[in-house]
file input12.tsv (TSV, C-alpha atoms)
chain	number	residue	atom	x	y	z
A	1	MET	CA	0.00	0.00	0.00
A	2	GLU	CA	1.01	3.63	-0.42
A	3	LEU	CA	2.29	5.18	2.79
A	4	LEU	CA	2.37	8.89	3.58
A	5	THR	CA	5.15	9.49	6.09
A	6	THR	CA	5.87	12.44	8.37
A	7	ASP	CA	6.92	14.64	5.45
A	8	GLY	CA	3.78	13.87	3.44
A	9	VAL	CA	5.67	12.16	0.57
A	10	PRO	CA	4.11	8.98	-0.93
A	11	ARG	CA	6.16	5.83	-0.27
A	12	GLY	CA	5.64	2.08	-0.06
A	13	GLN	CA	4.70	-0.85	-2.29
A	14	GLN	CA	2.22	1.07	-4.46
A	15	VAL	CA	4.85	3.69	-5.29
A	16	LEU	CA	7.43	0.96	-6.02
A	17	ASP	CA	4.93	-0.84	-8.27
A	18	ARG	CA	4.64	2.35	-10.31
A	19	LEU	CA	8.42	2.32	-10.79
A	20	VAL	CA	8.26	-1.32	-11.94
A	21	ALA	CA	5.53	-0.35	-14.42
A	22	LEU	CA	7.69	2.58	-15.59
A	23	LEU	CA	10.48	0.12	-16.42
A	24	ASP	CA	8.12	-2.27	-18.25
A	25	LEU	CA	8.57	-0.88	-21.76
A	26	GLU	CA	6.14	-1.28	-24.63
A	27	LYS	CA	7.54	-3.20	-27.58
A	28	ILE	CA	6.46	-1.39	-30.75
A	29	GLU	CA	8.66	-3.22	-33.28
A	30	GLU	CA	11.56	-5.64	-33.32
A	31	ASN	CA	14.40	-3.95	-31.36
A	32	ILE	CA	12.28	-0.81	-30.77
A	33	PHE	CA	10.64	-0.01	-27.43
A	34	ARG	CA	8.73	2.90	-25.96
A	35	GLY	CA	8.80	4.27	-22.42
A	36	VAL	CA	7.00	7.07	-20.62
A	37	SER	CA	7.77	9.35	-17.69
A	38	PRO	CA	5.71	9.70	-14.49
A	39	SER	CA	3.23	12.54	-14.26
A	40	HIS	CA	5.15	14.11	-11.37
A	41	SER	CA	8.37	14.48	-13.40
A	42	PRO	CA	10.31	17.75	-13.12
A	43	VAL	CA	11.29	19.85	-16.15
A	44	ARG	CA	13.76	17.18	-17.35
A	45	VAL	CA	13.51	13.40	-17.29
A	46	PHE	CA	15.41	11.93	-14.33
A	47	GLY	CA	18.68	10.44	-15.57
A	48	GLY	CA	18.27	7.24	-13.60
A	49	GLN	CA	14.92	6.65	-15.31
A	50	VAL	CA	16.25	6.82	-18.87
A	51	ALA	CA	19.28	4.68	-17.89
A	52	GLY	CA	17.04	2.05	-16.33
A	53	GLN	CA	14.64	2.02	-19.26
A	54	ALA	CA	17.48	1.77	-21.80
A	55	LEU	CA	18.92	-1.19	-19.91
A	56	VAL	CA	15.50	-2.86	-19.93
A	57	ALA	CA	15.35	-2.37	-23.71
A	58	ALA	CA	18.79	-3.94	-24.13
A	59	GLY	CA	17.95	-6.82	-21.82
A	60	ARG	CA	14.73	-7.63	-23.69
A	61	THR	CA	16.88	-8.64	-26.69
A	62	VAL	CA	19.25	-10.91	-24.70
A	63	PRO	CA	18.65	-14.51	-23.52
A	64	PRO	CA	17.71	-14.51	-19.81
A	65	GLU	CA	20.62	-16.76	-18.88
A	66	ARG	CA	23.02	-13.93	-19.79
A	67	GLY	CA	23.23	-11.30	-17.07
A	68	VAL	CA	24.39	-7.73	-17.58
A	69	HIS	CA	27.86	-7.12	-16.17
A	70	SER	CA	28.55	-3.57	-17.35
A	71	LEU	CA	27.01	-0.49	-18.91
A	72	HIS	CA	28.45	2.76	-20.23
A	73	ALA	CA	26.16	5.67	-21.04
A	74	TYR	CA	26.12	9.30	-22.15
A	75	PHE	CA	23.40	11.83	-21.41
A	76	ILE	CA	23.22	13.85	-24.63
A	77	ARG	CA	20.18	16.11	-24.20
A	78	GLY	CA	17.70	16.79	-21.45
A	79	GLY	CA	14.67	14.51	-21.78
A	80	ASP	CA	11.14	15.91	-22.18
A	81	PRO	CA	8.86	14.18	-19.61
A	82	SER	CA	5.69	15.18	-21.49
A	83	VAL	CA	6.29	12.84	-24.46
A	84	PRO	CA	7.29	9.15	-24.74
A	85	ILE	CA	10.90	8.07	-25.24
A	86	VAL	CA	11.70	5.66	-28.08
A	87	TYR	CA	14.53	3.19	-27.44
A	88	GLU	CA	16.26	1.67	-30.48
A	89	VAL	CA	18.43	-1.39	-29.77
A	90	ASP	CA	21.36	-2.34	-31.99
A	91	ARG	CA	22.37	-6.00	-31.60
A	92	ILE	CA	26.11	-5.43	-31.88
A	93	ARG	CA	27.33	-8.95	-31.12
A	94	ASP	CA	26.17	-12.34	-29.88
A	95	GLY	CA	29.24	-14.36	-28.90
A	96	ARG	CA	29.68	-17.67	-27.12
A	97	SER	CA	30.13	-16.00	-23.71
A	98	PHE	CA	29.31	-12.32	-24.20
A	99	THR	CA	26.48	-10.34	-25.78
A	100	THR	CA	26.83	-6.65	-26.60
A	101	ARG	CA	24.00	-4.19	-27.16
A	102	ARG	CA	23.83	-0.50	-27.99
A	103	VAL	CA	20.72	1.55	-27.22
A	104	VAL	CA	19.82	5.06	-28.35
A	105	ALA	CA	16.96	6.94	-26.67
A	106	ILE	CA	15.14	9.31	-29.02
A	107	GLN	CA	12.74	12.20	-28.54
A	108	HIS	CA	11.56	14.76	-31.10
A	109	GLY	CA	13.70	12.99	-33.71
A	110	LYS	CA	16.96	13.51	-31.77
A	111	ALA	CA	19.10	11.30	-29.55
A	112	ILE	CA	18.89	12.25	-25.87
A	113	PHE	CA	20.82	9.29	-24.42
A	114	ALA	CA	23.11	6.48	-25.60
A	115	LEU	CA	24.00	3.30	-23.76
A	116	SER	CA	26.26	0.33	-24.42
A	117	ALA	CA	25.77	-2.78	-22.28
A	118	SER	CA	27.53	-6.12	-22.10
A	119	PHE	CA	25.95	-9.38	-20.95
A	120	GLN	CA	27.70	-12.62	-20.01
A	121	VAL	CA	26.88	-16.24	-19.28
A	122	VAL	CA	27.59	-17.36	-15.70
A	123	GLU	CA	31.23	-18.44	-15.35
A	124	ALA	CA	33.48	-19.53	-12.50
A	125	GLY	CA	36.74	-17.65	-11.93
A	126	ILE	CA	39.13	-16.08	-9.45
A	127	GLU	CA	37.51	-14.03	-6.68
A	128	HIS	CA	38.42	-11.02	-4.54
A	129	ALA	CA	36.66	-7.84	-3.47
A	130	SER	CA	37.13	-4.68	-1.40
A	131	GLU	CA	35.83	-4.73	2.16
A	132	MET	CA	32.79	-2.72	3.15
A	133	PRO	CA	33.42	0.35	5.35
A	134	SER	CA	32.29	0.12	8.95
A	135	VAL	CA	28.98	2.01	9.17
A	136	PRO	CA	25.83	1.96	11.35
A	137	PRO	CA	23.05	-0.38	10.14
A	138	PRO	CA	20.19	1.21	8.18
A	139	ASP	CA	17.58	0.56	10.87
A	140	ALA	CA	19.60	2.74	13.26
A	141	LEU	CA	19.42	5.76	10.94
A	142	PRO	CA	16.61	8.28	10.31
A	143	SER	CA	14.62	8.12	7.11
A	144	HIS	CA	14.74	10.81	4.45
A	145	GLY	CA	11.38	12.08	5.64
A	146	ASP	CA	12.60	12.37	9.23
A	147	LEU	CA	15.36	14.73	8.06
A	148	MET	CA	13.16	17.06	6.03
A	149	THR	CA	11.96	20.14	7.89
A	150	PRO	CA	9.12	22.36	6.60
A	151	GLU	CA	11.72	25.04	5.82
A	152	LEU	CA	13.75	22.63	3.68
A	153	LYS	CA	10.63	21.40	1.90
A	154	ALA	CA	9.77	24.99	1.02
A	155	LYS	CA	13.27	25.50	-0.44
A	156	PHE	CA	13.20	22.30	-2.49
A	157	GLY	CA	9.71	23.02	-3.87
A	158	ARG	CA	8.07	20.34	-6.04
A	159	ILE	CA	11.11	18.07	-5.80
A	160	ALA	CA	10.44	17.52	-2.10
A	161	ASP	CA	6.91	16.17	-2.74
A	162	ARG	CA	7.74	13.62	-5.45
A	163	PRO	CA	6.87	9.99	-4.62
A	164	ARG	CA	9.93	8.04	-3.46
A	165	PRO	CA	10.13	4.39	-4.55
A	166	ILE	CA	13.64	4.16	-3.06
A	167	ASP	CA	14.13	4.26	0.72
A	168	ILE	CA	17.32	6.20	1.51
A	169	ARG	CA	19.05	6.40	4.90
A	170	TYR	CA	22.01	8.78	5.21
A	171	VAL	CA	25.09	7.47	7.01
A	172	SER	CA	27.05	10.68	6.49
A	173	GLU	CA	25.30	13.96	7.20
A	174	PRO	CA	23.12	14.89	4.20
A	175	PRO	CA	24.77	17.63	2.11
A	176	TRP	CA	21.75	19.90	2.49
A	177	LEU	CA	22.44	19.91	6.25
A	178	SER	CA	26.24	19.77	6.28
A	179	ARG	CA	26.37	22.81	3.94
A	180	GLU	CA	25.39	24.96	6.91
A	181	SER	CA	28.73	24.22	8.57
A	182	GLY	CA	30.74	24.61	5.34
A	183	PRO	CA	32.75	22.23	3.13
A	184	ARG	CA	33.69	18.73	4.29
A	185	GLU	CA	35.33	15.68	2.79
A	186	ALA	CA	34.23	14.85	-0.76
A	187	ASP	CA	32.26	11.76	0.19
A	188	ASN	CA	28.71	10.57	0.80
A	189	GLN	CA	27.36	7.32	2.25
A	190	VAL	CA	23.75	6.13	2.19
A	191	TRP	CA	21.87	2.91	2.67
A	192	MET	CA	19.18	2.42	0.03
A	193	ARG	CA	16.65	-0.17	-1.08
A	194	ALA	CA	13.51	-0.40	-3.16
A	195	ASP	CA	10.66	0.50	-0.79
A	196	GLY	CA	8.68	-2.73	-1.10
A	197	THR	CA	9.06	-6.15	-2.70
A	198	LEU	CA	10.23	-6.58	-6.30
A	199	PRO	CA	9.55	-9.55	-8.60
A	200	ASP	CA	12.40	-12.09	-8.85
A	201	ASP	CA	13.56	-11.05	-12.35
A	202	PRO	CA	17.35	-10.40	-11.98
A	203	LEU	CA	17.35	-7.85	-14.83
A	204	LEU	CA	14.70	-5.80	-13.03
A	205	HIS	CA	16.84	-5.66	-9.88
A	206	VAL	CA	19.82	-4.45	-11.91
A	207	CYS	CA	17.67	-1.80	-13.62
A	208	VAL	CA	16.27	-0.57	-10.30
A	209	LEU	CA	19.81	-0.26	-8.92
A	210	ALA	CA	20.83	1.66	-12.05
A	211	TYR	CA	17.84	3.96	-11.47
A	212	ALA	CA	18.80	4.52	-7.82
A	213	SER	CA	22.52	4.96	-8.52
A	214	ASP	CA	21.88	8.39	-10.10
A	215	MET	CA	20.18	9.76	-6.98
A	216	THR	CA	22.98	10.61	-4.54
A	217	LEU	CA	26.27	10.02	-6.40
A	218	LEU	CA	27.07	13.66	-7.23
A	219	ASP	CA	26.28	14.67	-3.64
A	220	SER	CA	29.89	13.72	-2.87
A	221	VAL	CA	31.03	16.49	-5.24
A	222	LEU	CA	28.81	19.12	-3.63
A	223	ALA	CA	29.71	18.14	-0.06
A	224	ARG	CA	33.31	19.19	-0.66
A	225	HIS	CA	32.15	22.73	-1.50
A	226	GLY	CA	29.35	23.22	1.03
A	227	VAL	CA	26.57	23.68	-1.52
A	228	TYR	CA	23.51	21.67	-2.56
A	229	TRP	CA	20.89	21.44	-5.29
A	230	GLY	CA	17.82	23.55	-4.62
A	231	THR	CA	19.25	25.38	-1.61
A	232	ASP	CA	22.12	27.18	-3.40
A	233	ASN	CA	22.69	28.51	-6.91
A	234	VAL	CA	23.87	25.20	-8.32
A	235	LEU	CA	23.10	23.91	-11.81
A	236	GLY	CA	23.83	20.29	-12.59
A	237	ALA	CA	23.14	17.36	-14.86
A	238	SER	CA	24.55	13.88	-15.43
A	239	LEU	CA	26.98	13.78	-18.34
A	240	ASP	CA	27.96	10.12	-18.41
A	241	HIS	CA	27.42	7.06	-16.25
A	242	ALA	CA	29.17	3.70	-16.02
A	243	MET	CA	28.34	0.65	-13.89
A	244	TRP	CA	29.92	-2.75	-13.36
A	245	PHE	CA	27.86	-5.50	-11.75
A	246	HIS	CA	30.08	-7.97	-9.91
A	247	ARG	CA	27.74	-10.34	-8.05
A	248	PRO	CA	24.01	-11.12	-7.70
A	249	PHE	CA	21.91	-8.96	-5.38
A	250	ARG	CA	18.35	-7.89	-4.66
A	251	ALA	CA	17.51	-4.22	-5.02
A	252	ASP	CA	14.70	-4.56	-2.46
A	253	GLU	CA	17.25	-5.42	0.24
A	254	TRP	CA	19.51	-2.84	1.86
A	255	VAL	CA	22.72	-1.91	0.01
A	256	LEU	CA	25.32	0.59	1.16
A	257	TYR	CA	26.20	3.21	-1.48
A	258	ASP	CA	29.69	4.43	-0.61
A	259	CYS	CA	30.55	7.46	-2.80
A	260	VAL	CA	33.69	9.58	-3.17
A	261	SER	CA	34.57	12.44	-5.51
A	262	PRO	CA	38.25	12.41	-6.54
A	263	SER	CA	38.08	15.57	-8.66
A	264	ALA	CA	36.07	18.59	-9.79
A	265	SER	CA	37.20	21.02	-12.49
A	266	GLY	CA	36.02	22.82	-15.61
A	267	GLY	CA	32.41	22.94	-14.41
A	268	ARG	CA	32.37	19.15	-14.04
A	269	GLY	CA	32.55	16.84	-11.04
A	270	LEU	CA	33.64	13.19	-11.01
A	271	ALA	CA	32.24	10.71	-8.50
A	272	THR	CA	32.78	7.01	-7.86
A	273	GLY	CA	30.48	4.71	-5.91
A	274	ARG	CA	30.49	1.18	-4.53
A	275	PHE	CA	27.44	-0.89	-3.58
A	276	PHE	CA	27.72	-3.39	-0.72
A	277	THR	CA	25.08	-5.74	0.68
A	278	GLN	CA	24.41	-5.76	4.42
A	279	SER	CA	26.61	-8.85	4.70
A	280	GLY	CA	29.52	-6.83	3.27
A	281	THR	CA	29.59	-8.22	-0.28
A	282	LEU	CA	30.65	-5.81	-3.04
A	283	VAL	CA	28.02	-6.14	-5.78
A	284	ALA	CA	28.50	-3.11	-8.07
A	285	THR	CA	30.81	-0.19	-8.87
A	286	VAL	CA	29.70	3.14	-10.38
A	287	VAL	CA	31.52	6.09	-11.96
A	288	GLN	CA	29.79	9.27	-13.10
A	289	GLU	CA	30.84	12.68	-14.35
A	290	GLY	CA	28.31	15.44	-13.95
A	291	LEU	CA	27.90	19.05	-14.91
A	292	VAL	CA	28.25	21.11	-11.72
A	293	ARG	CA	28.03	24.88	-12.09
A	294	VAL	CA	28.00	27.04	-8.96
A	295	ILE	CA	26.63	30.44	-9.92

call {"tool": "encode", "arguments": {"input": "input12.tsv", "output": "structure tokens"}}
result
Amino acid sequence: MELLTTDGVPRGQQVLDRLVALLDLEKIEENIFRGVSPSHSPVRVFGGQVAGQALVAAGRTVPPERGVHSLHAYFIRGGDPSVPIVYEVDRIRDGRSFTTRRVVAIQHGKAIFALSASFQVVEAGIEHASEMPSVPPPDALPSHGDLMTPELKAKFGRIADRPRPIDIRYVSEPPWLSRESGPREADNQVWMRADGTLPDDPLLHVCVLAYASDMTLLDSVLARHGVYWGTDNVLGASLDHAMWFHRPFRADEWVLYDCVSPSASGGRGLATGRFFTQSGTLVATVVQEGLVRVI
């Protein structure tokens, strides 16, 4: 059911089901799919949405026994949430172990997003992984709604009232609060999970994580400079996005998103992120460069 929490923002299974429906693209022709944006979308389509939908389109042309292990994407133009997005899939290669797909998202006759994704059959091999940082468990941390004051909601405007299919718990102090005390280290840690139960389809869990990975990654850039979207004169947009999926996971179970920004220059900020399960298993790595203009 849909749950209205202390900040009045819709959450819960009904909201998550709407995200699942958003990722369930319409097939309009062989290798061509169509997606829509939610009615509550801001001026531009959320980057995580178009990345998740493009990955769904690619996955619909790949045998289910081949799981996605990496994606590389460029955000070319801002998406228009008032019209559908057409996803054209190019079947680049079908090898014995790997399958490669390229997807272009189109609106108004122009490309707004391009993605390349690689899929692989399950194979055994050597194993090692970084250890998870020591952090408090998610249940010991306040929810996003608990942190939002009426004053902050007024500053954020419509963004603050959007339904939230992803439950986010901040380990580090949220940038919109830490900005009051000035710059800090260029990092950001949150626990996140889909706010409900997802179907068992592994591709869907990967696409939901891709959707969520665009939510807080660039916060690590802003934290270093004591500014934040909506509360300061900051303009930003995702420029490119890359993900590597190392091990199976469920996006409706808690994962730690450990993010660090190694550099910002030229009006751009670079951020890296690692996803760990609660048991400490590294399941995905993310790198993104974003446009960050402080006016």

call {"tool": "atom_distance", "arguments": {"input": "input12.tsv", "atom1": "atom CA of A:Gly125", "atom2": "atom CA of A:Gly52"}}
result
28.2 Å

call {"tool": "closest_residue", "arguments": {"input": "input12.tsv", "among": "A:Ser130, A:Thr99, A:Thr285, A:Ser172", "to": "A:Leu209", "atoms": "only C-alpha atoms"}}
result
A:Thr285

call {"tool": "residues_around", "arguments": {"input": "input12.tsv", "residues": "A:Ile106", "least_positions_apart": "5", "cutoff": "9 Å", "atoms": "all atoms listed in the file", "output": "mmCIF file with C-alpha atoms, in the frame of the given file"}}
result
data_model
loop_
_atom_site.group_PDB
_atom_site.id
_atom_site.type_symbol
_atom_site.label_atom_id
_atom_site.label_comp_id
_atom_site.auth_asym_id
_atom_site.auth_seq_id
_atom_site.Cartn_x
_atom_site.Cartn_y
_atom_site.Cartn_z
ATOM 1 C CA GLY A 79 14.670 14.510 -21.780
ATOM 2 C CA PRO A 84 7.290 9.150 -24.740
ATOM 3 C CA ILE A 85 10.900 8.070 -25.240
ATOM 4 C CA VAL A 86 11.700 5.660 -28.080
ATOM 5 C CA TYR A 87 14.530 3.190 -27.440
ATOM 6 C CA GLU A 88 16.260 1.670 -30.480
ATOM 7 C CA ALA A 111 19.100 11.300 -29.550
ATOM 8 C CA ILE A 112 18.890 12.250 -25.870
ATOM 9 C CA PHE A 113 20.820 9.290 -24.420
#

call {"tool": "closest_atom_pairs", "arguments": {"input": "input12.tsv", "of": "stretch 41-145 of chain A", "to": "stretch 189-196 of chain A", "cutoff": "9 Å", "atoms": "only C-alpha atoms", "output": "CSV"}}
result
residue,atom,partner,partner_atom,distance
A:Val135,CA,A:Gln189,CA,8.9
A:Pro137,CA,A:Trp191,CA,8.2
A:Pro138,CA,A:Trp191,CA,6.0

call {"tool": "closest_atom_pairs", "arguments": {"input": "input12.tsv", "of": "stretch 185-253 of chain A", "to": "stretch 273-284 of chain A", "cutoff": "8 Å", "atoms": "all atoms listed in the file", "output": "CSV"}}
result
residue,atom,partner,partner_atom,distance
A:Leu217,CA,A:Gly273,CA,6.8
A:Met243,CA,A:Ala284,CA,6.9
A:Trp244,CA,A:Ala284,CA,5.5
A:Phe245,CA,A:Ala284,CA,4.4
A:His246,CA,A:Val283,CA,5.0
A:Arg247,CA,A:Val283,CA,4.8
A:Pro248,CA,A:Val283,CA,6.7
A:Phe249,CA,A:Val283,CA,6.7
A:Glu253,CA,A:Thr277,CA,7.8

call {"tool": "residues_near_point", "arguments": {"input": "input12.tsv", "point": "(26.0, -9.1, -19.9)", "cutoff": "7 Å", "atoms": "all atoms listed in the file", "output": "PyMOL selection string"}}
result
chain A and resi 66-70+98-99+117-120

call {"tool": "closest_residue", "arguments": {"input": "input12.tsv", "among": "A:Pro183, A:Pro165, A:Gly59, A:Gly35", "to": "A:Leu115", "atoms": "only C-alpha atoms"}}
result
A:Gly59

call {"tool": "decode", "arguments": {"input": "input12.tsv", "residues": "stretch 206-224 of chain A", "atoms": "N, CA and C atoms", "output": "PDB file, in the first residue's frame"}}
result
ATOM      1  N   VAL A 206      18.696  -5.223 -11.388  1.00  0.00           N
ATOM      2  CA  VAL A 206      19.818  -4.449 -11.909  1.00  0.00           C
ATOM      3  C   VAL A 206      19.328  -3.084 -12.401  1.00  0.00           C
ATOM      4  N   CYS A 207      18.203  -3.056 -13.089  1.00  0.00           N
ATOM      5  CA  CYS A 207      17.674  -1.798 -13.621  1.00  0.00           C
ATOM      6  C   CYS A 207      17.228  -0.860 -12.503  1.00  0.00           C
ATOM      7  N   VAL A 208      16.660  -1.400 -11.434  1.00  0.00           N
ATOM      8  CA  VAL A 208      16.270  -0.570 -10.297  1.00  0.00           C
ATOM      9  C   VAL A 208      17.508   0.002  -9.620  1.00  0.00           C
ATOM     10  N   LEU A 209      18.578  -0.786  -9.509  1.00  0.00           N
ATOM     11  CA  LEU A 209      19.808  -0.255  -8.922  1.00  0.00           C
ATOM     12  C   LEU A 209      20.415   0.826  -9.818  1.00  0.00           C
ATOM     13  N   ALA A 210      20.354   0.630 -11.132  1.00  0.00           N
ATOM     14  CA  ALA A 210      20.831   1.658 -12.054  1.00  0.00           C
ATOM     15  C   ALA A 210      20.022   2.942 -11.879  1.00  0.00           C
ATOM     16  N   TYR A 211      18.725   2.811 -11.721  1.00  0.00           N
ATOM     17  CA  TYR A 211      17.844   3.960 -11.466  1.00  0.00           C
ATOM     18  C   TYR A 211      18.275   4.684 -10.193  1.00  0.00           C
ATOM     19  N   ALA A 212      18.479   3.925  -9.115  1.00  0.00           N
ATOM     20  CA  ALA A 212      18.799   4.523  -7.819  1.00  0.00           C
ATOM     21  C   ALA A 212      20.211   5.095  -7.779  1.00  0.00           C
ATOM     22  N   SER A 213      21.118   4.546  -8.592  1.00  0.00           N
ATOM     23  CA  SER A 213      22.518   4.964  -8.524  1.00  0.00           C
ATOM     24  C   SER A 213      22.722   6.417  -8.937  1.00  0.00           C
ATOM     25  N   ASP A 214      21.759   6.998  -9.642  1.00  0.00           N
ATOM     26  CA  ASP A 214      21.877   8.394 -10.103  1.00  0.00           C
ATOM     27  C   ASP A 214      21.350   9.383  -9.075  1.00  0.00           C
ATOM     28  N   MET A 215      20.867   8.880  -7.931  1.00  0.00           N
ATOM     29  CA  MET A 215      20.183   9.762  -6.980  1.00  0.00           C
ATOM     30  C   MET A 215      21.125  10.564  -6.093  1.00  0.00           C
ATOM     31  N   THR A 216      22.164   9.948  -5.557  1.00  0.00           N
ATOM     32  CA  THR A 216      22.982  10.614  -4.540  1.00  0.00           C
ATOM     33  C   THR A 216      24.466  10.647  -4.889  1.00  0.00           C
ATOM     34  N   LEU A 217      24.855  10.159  -6.057  1.00  0.00           N
ATOM     35  CA  LEU A 217      26.266  10.016  -6.395  1.00  0.00           C
ATOM     36  C   LEU A 217      26.989  11.366  -6.432  1.00  0.00           C
ATOM     37  N   LEU A 218      26.411  12.354  -7.104  1.00  0.00           N
ATOM     38  CA  LEU A 218      27.066  13.656  -7.228  1.00  0.00           C
ATOM     39  C   LEU A 218      27.014  14.473  -5.934  1.00  0.00           C
ATOM     40  N   ASP A 219      26.280  13.992  -4.930  1.00  0.00           N
ATOM     41  CA  ASP A 219      26.284  14.667  -3.635  1.00  0.00           C
ATOM     42  C   ASP A 219      27.687  14.721  -3.050  1.00  0.00           C
ATOM     43  N   SER A 220      28.514  13.720  -3.383  1.00  0.00           N
ATOM     44  CA  SER A 220      29.888  13.715  -2.865  1.00  0.00           C
ATOM     45  C   SER A 220      30.697  14.883  -3.432  1.00  0.00           C
ATOM     46  N   VAL A 221      30.366  15.318  -4.644  1.00  0.00           N
ATOM     47  CA  VAL A 221      31.033  16.488  -5.239  1.00  0.00           C
ATOM     48  C   VAL A 221      30.623  17.752  -4.485  1.00  0.00           C
ATOM     49  N   LEU A 222      29.317  17.906  -4.267  1.00  0.00           N
ATOM     50  CA  LEU A 222      28.805  19.125  -3.633  1.00  0.00           C
ATOM     51  C   LEU A 222      29.232  19.248  -2.181  1.00  0.00           C
ATOM     52  N   ALA A 223      29.345  18.101  -1.476  1.00  0.00           N
ATOM     53  CA  ALA A 223      29.708  18.139  -0.061  1.00  0.00           C
ATOM     54  C   ALA A 223      31.049  18.817   0.154  1.00  0.00           C
ATOM     55  N   ARG A 224      31.966  18.612  -0.784  1.00  0.00           N
ATOM     56  CA  ARG A 224      33.305  19.186  -0.660  1.00  0.00           C
ATOM     57  C   ARG A 224      33.279  20.712  -0.726  1.00  0.00           C
TER      58      ARG A 224
END
